[in-house]
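S.K.: Okay, handing you the structure first.
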Amino acid sequence: MKKPIILLSLLFFIILSGCSPRTKVTSSQNLKEAGKLDEALTTIEEAANPNQEKAEKTLLWPRTWEVRGEIYQAFYHSEKLSIKKLVENPLDEALKSYQRALELDEKGRFTNSIKVKLTLLSNDFTNQAVEAFNNEKFDLALNSFEQILAINDIPIFKDDNPNVIDTAIIYNAGLAALKAENFDKAIEYFSEAARHGYNGAKIFPVIAGVYEQKKDTLAALKVLKQGFEKYPADMDVLASMIQTYINLERRAEALEYLNMAIEKDPSNATFFLAMGRLYEETDEDEKALKVYQKAIDIDPELFMAWYNIGVFYYNKGVQQWEVAGKVPANDNETYERELKKANDWWEKSLPFMEKCHELDSEEETTIESLKNLYYRLKKMDKYEAMLEEQHN
């Protein structure tokens, strides 16, 4: 009776030995469930290591890689710092493992379970991306958003909804790339979002802004033209185009689009302000003053319109004062006459500068201009008051 027992024991040993490589995968999962992630990691890496003896029986088994993904995902969820520091980028490793499992699963036996785990993994990447972005770890946030997009492109998800595009994730990837100063990727993702109509016209100035940061103003202008062709009624795109033309010193085209913008929105004071600056640059002073005044009529609190007129008159006074300074010392009559012309310009400047100070009492350039005006115009009480205000 003893011989059969020995034979059965031997047979059991042989069966157990034959299953031992795959048993290692099961052991890894059990260790994970028991919270022994460090041991689980060691065991599963042995099963997935081609240099390990008998690993050929687990390397090509989809379940090995599925369990490996589970273990790395568990590292992400662990609250123990001593455990977390054992693995770098655990979610990335989990994704690689699940992808490898799907590649090996030719019969689709593990597809459903892996699909569930990838769905949960996508949620983990989302949480990681948001946390990283809020903590200004923008490279990590970018990588996390990209991994979500990678999961979305896996056939078991793509085949279910072939026409669904997660434009919000694409846009967020662009935003993270921009914050990480990875401008090429920012343009790539923002442009893809634009192709799918995300955020409508608003995304085109965003893309143009990235090109501006790359010092590629011509590319920025090209993008804005595309946006203008697609959304001709959008004022943000039009305003960005105007500013870009101004930056390129292409004044004629800037004026052309400014006139177009004013026709669409005649109540927008900033368009008249921009037009005034262009007229000043081409020495068309009367036109400049006229449109600055139009801007003030529309928006009486538009600081820069008041300031630009004030500066215009102030500078005219300085120029005239320099003319007076060239009069011969023995020709006092001519000197006084020329000096009065300078004072006339400064008198015109004064109410505009005073209004600027009223709108923004802490603006230093305005304060200095007012001090000079009061001094030159011999309004010493106001000059002293301005000095006291500045020192307080």
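Convention: chains lettered A, B, ... in structure tokens order; per-chain residue numbering from 1; ligands numbered from 1 as shown.
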So that I can check the surroundings of Ala94 of chain A, please list as a PDB file with N, CA and C atoms, in the first residue's frame every protein, DNA and RNA residue that reaches within 7 Å of it, counting only C-alpha atoms and ignoring chain neighbours fewer than 4 positions away.
M.R.:
ATOM      1  N   ARG A  68       1.120  42.034 -13.202  1.00  0.00           N
ATOM      2  CA  ARG A  68       2.168  43.047 -13.035  1.00  0.00           C
ATOM      3  C   ARG A  68       1.554  44.448 -13.050  1.00  0.00           C
ATOM      4  N   GLY A  69       0.612  44.657 -13.954  1.00  0.00           N
ATOM      5  CA  GLY A  69      -0.074  45.950 -14.006  1.00  0.00           C
ATOM      6  C   GLY A  69      -0.815  46.238 -12.714  1.00  0.00           C
ATOM      7  N   GLU A  70      -1.501  45.219 -12.174  1.00  0.00           N
ATOM      8  CA  GLU A  70      -2.237  45.391 -10.926  1.00  0.00           C
ATOM      9  C   GLU A  70      -1.294  45.808  -9.790  1.00  0.00           C
ATOM     10  N   TYR A  72       1.720  47.289  -9.946  1.00  0.00           N
ATOM     11  CA  TYR A  72       2.219  48.652 -10.085  1.00  0.00           C
ATOM     12  C   TYR A  72       1.125  49.678  -9.798  1.00  0.00           C
ATOM     13  N   GLN A  73      -0.083  49.336 -10.178  1.00  0.00           N
ATOM     14  CA  GLN A  73      -1.196  50.245  -9.885  1.00  0.00           C
ATOM     15  C   GLN A  73      -1.414  50.344  -8.369  1.00  0.00           C
ATOM     16  N   PRO A  90       4.745  54.498 -11.219  1.00  0.00           N
ATOM     17  CA  PRO A  90       4.040  53.213 -11.189  1.00  0.00           C
ATOM     18  C   PRO A  90       2.902  53.109 -12.200  1.00  0.00           C
ATOM     19  N   TYR A  98      -0.348  46.304 -18.966  1.00  0.00           N
ATOM     20  CA  TYR A  98      -1.668  45.984 -19.533  1.00  0.00           C
ATOM     21  C   TYR A  98      -1.613  45.949 -21.061  1.00  0.00           C
TER      22      TYR A  98
END
S.K.: Excluding segment 184-189 of chain A and any residue of its chain fewer than 6 positions from it, enumerate the residues within 9 Å of it, using only C-alpha atoms, and give them as an mmCIF file with N, CA, C and O atoms, in the first residue's frame.
M.R.:
data_model
loop_
_atom_site.group_PDB
_atom_site.id
_atom_site.type_symbol
_atom_site.label_atom_id
_atom_site.label_comp_id
_atom_site.auth_asym_id
_atom_site.auth_seq_id
_atom_site.Cartn_x
_atom_site.Cartn_y
_atom_site.Cartn_z
ATOM 1 N N ILE A 170 -7.229 66.535 -24.480
ATOM 2 C CA ILE A 170 -6.275 67.053 -25.473
ATOM 3 C C ILE A 170 -5.906 68.495 -25.130
ATOM 4 O O ILE A 170 -4.731 68.876 -25.132
ATOM 5 N N TYR A 171 -6.921 69.297 -24.824
ATOM 6 C CA TYR A 171 -6.673 70.707 -24.473
ATOM 7 C C TYR A 171 -5.846 70.799 -23.198
ATOM 8 O O TYR A 171 -4.901 71.597 -23.109
ATOM 9 N N ASN A 172 -6.199 69.984 -22.204
ATOM 10 C CA ASN A 172 -5.456 70.017 -20.936
ATOM 11 C C ASN A 172 -4.006 69.584 -21.122
ATOM 12 O O ASN A 172 -3.105 70.091 -20.438
ATOM 13 N N ALA A 173 -3.777 68.652 -22.041
ATOM 14 C CA ALA A 173 -2.397 68.256 -22.356
ATOM 15 C C ALA A 173 -1.644 69.454 -22.930
ATOM 16 O O ALA A 173 -0.476 69.702 -22.590
ATOM 17 N N GLY A 174 -2.316 70.214 -23.784
ATOM 18 C CA GLY A 174 -1.698 71.421 -24.335
ATOM 19 C C GLY A 174 -1.400 72.446 -23.261
ATOM 20 O O GLY A 174 -0.343 73.075 -23.253
ATOM 21 N N LEU A 175 -2.344 72.592 -22.327
ATOM 22 C CA LEU A 175 -2.163 73.565 -21.250
ATOM 23 C C LEU A 175 -0.999 73.171 -20.341
ATOM 24 O O LEU A 175 -0.181 74.014 -19.955
ATOM 25 N N ALA A 176 -0.915 71.864 -20.024
ATOM 26 C CA ALA A 176 0.202 71.389 -19.193
ATOM 27 C C ALA A 176 1.531 71.577 -19.927
ATOM 28 O O ALA A 176 2.535 71.970 -19.326
ATOM 29 N N ALA A 177 1.526 71.300 -21.236
ATOM 30 C CA ALA A 177 2.745 71.487 -22.029
ATOM 31 C C ALA A 177 3.165 72.955 -22.052
ATOM 32 O O ALA A 177 4.352 73.280 -21.945
ATOM 33 N N LEU A 178 2.183 73.844 -22.173
ATOM 34 C CA LEU A 178 2.479 75.275 -22.167
ATOM 35 C C LEU A 178 3.100 75.694 -20.838
ATOM 36 O O LEU A 178 4.102 76.416 -20.798
ATOM 37 N N ILE A 207 -3.253 79.467 -29.363
ATOM 38 C CA ILE A 207 -2.181 78.881 -30.184
ATOM 39 C C ILE A 207 -1.221 79.973 -30.643
ATOM 40 O O ILE A 207 0.005 79.814 -30.599
ATOM 41 N N ALA A 208 -1.786 81.090 -31.077
ATOM 42 C CA ALA A 208 -0.949 82.203 -31.530
ATOM 43 C C ALA A 208 -0.048 82.695 -30.397
ATOM 44 O O ALA A 208 1.120 83.024 -30.620
ATOM 45 N N VAL A 210 1.231 80.935 -28.040
ATOM 46 C CA VAL A 210 2.359 80.003 -27.877
ATOM 47 C C VAL A 210 3.427 80.299 -28.926
ATOM 48 O O VAL A 210 4.625 80.326 -28.627
ATOM 49 N N TYR A 211 2.991 80.540 -30.154
ATOM 50 C CA TYR A 211 3.958 80.906 -31.199
ATOM 51 C C TYR A 211 4.689 82.200 -30.842
ATOM 52 O O TYR A 211 5.888 82.344 -31.110
ATOM 53 N N LYS A 214 7.434 81.546 -28.689
ATOM 54 C CA LYS A 214 8.550 80.967 -29.455
ATOM 55 C C LYS A 214 9.217 82.013 -30.353
ATOM 56 O O LYS A 214 10.112 81.678 -31.122
#
S.K.: Per residue of segment 16-94 of chain A within 8 Å of segment 109-119 of chain A, record the nearest atom pair and its distance in Å to one decimal, counting only C-alpha atoms, with rows in chain order and ascending residue number, as JSON lines.
M.R.:
{"residue": "A:Pro62", "atom": "CA", "partner": "A:Phe110", "partner_atom": "CA", "distance": 7.4}
{"residue": "A:Arg63", "atom": "CA", "partner": "A:Phe110", "partner_atom": "CA", "distance": 7.4}
{"residue": "A:Glu66", "atom": "CA", "partner": "A:Ile114", "partner_atom": "CA", "distance": 6.8}
{"residue": "A:Glu70", "atom": "CA", "partner": "A:Lys117", "partner_atom": "CA", "distance": 7.8}
S.K.: Got time to write the residues from that selection, C-alpha atoms, as a PDB file, in the first residue's frame?
M.R.:
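Done, and the output landed in selection_36.pdb:
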ATOM      1  CA  PRO A  62      -1.001  37.467 -20.678  1.00  0.00           C
ATOM      2  CA  ARG A  63      -1.946  36.923 -17.039  1.00  0.00           C
ATOM      3  CA  GLU A  66      -2.046  41.733 -16.149  1.00  0.00           C
ATOM      4  CA  GLU A  70      -2.237  45.391 -10.926  1.00  0.00           C
TER       5      GLU A  70
END
S.K.: Need to verify the contact set: Asp285 of chain A, 12 Å, only C-alpha atoms, exclusion of same-chain residues closer than 4 positions in sequence. Can you return it as an MDAnalysis selection string?
M.R.: chainID A and resid 275:281 289:292 308:309 312:313 316
S.K.: Between A:Leu31, A:Leu37, A:Ala193, A:Ala220, which one has atoms that come closest to Lys85 of chain A, using only C-alpha atoms?
M.R.: A:Leu37
S.K.: Report as a ChimeraX atom specification all protein, DNA and RNA residues lying within 9 Å of Leu140 of chain A, evaluated on only C-alpha atoms, omitting residues in the same chain fewer than 6 positions from it.
M.R.: /A:128-129,132-133,176
S.K.: Could you pull out the alpha helix (DSSP H) residues of segment 156-321 of chain A, going by DSSP on the backbone, and write them as a ChimeraX atom specification?
M.R.: /A:156-158,167-179,183-195,203-213,217-230,235-247,251-264,269-281,285-298,303-321
S.K.: To one decimal place, how far is atom CA of Asp381 of chain A from atom CA of Gln320 of chain A in Å?
M.R.: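 Pair atom CA of Asp381 of chain A / atom CA of Gln320 of chain A returns 24.9 Å.
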S.K.: Compare A:Phe272, A:Tyr314, A:Trp321, A:Tyr335 by their minimum atom-to-atom distance to Ser369 of chain A, counting only C-alpha atoms, and give me the closest one.
M.R.: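 Checking each candidate against Ser369 of chain A, we get A:Tyr314 as the closest.
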S.K.: Please list as a PyMOL selection string every residue within 10 Å of Ala233 of chain A, counting only C-alpha atoms and excluding residues in the same chain fewer than 6 positions away.
M.R.: chain A and resi 201+261+264
S.K.: Under the rule that only C-alpha atoms are counted, which of A:Thr217, A:Ser144, A:Thr167, A:Thr365 is the nearest residue to Asn127 of chain A?
M.R.: A:Ser144
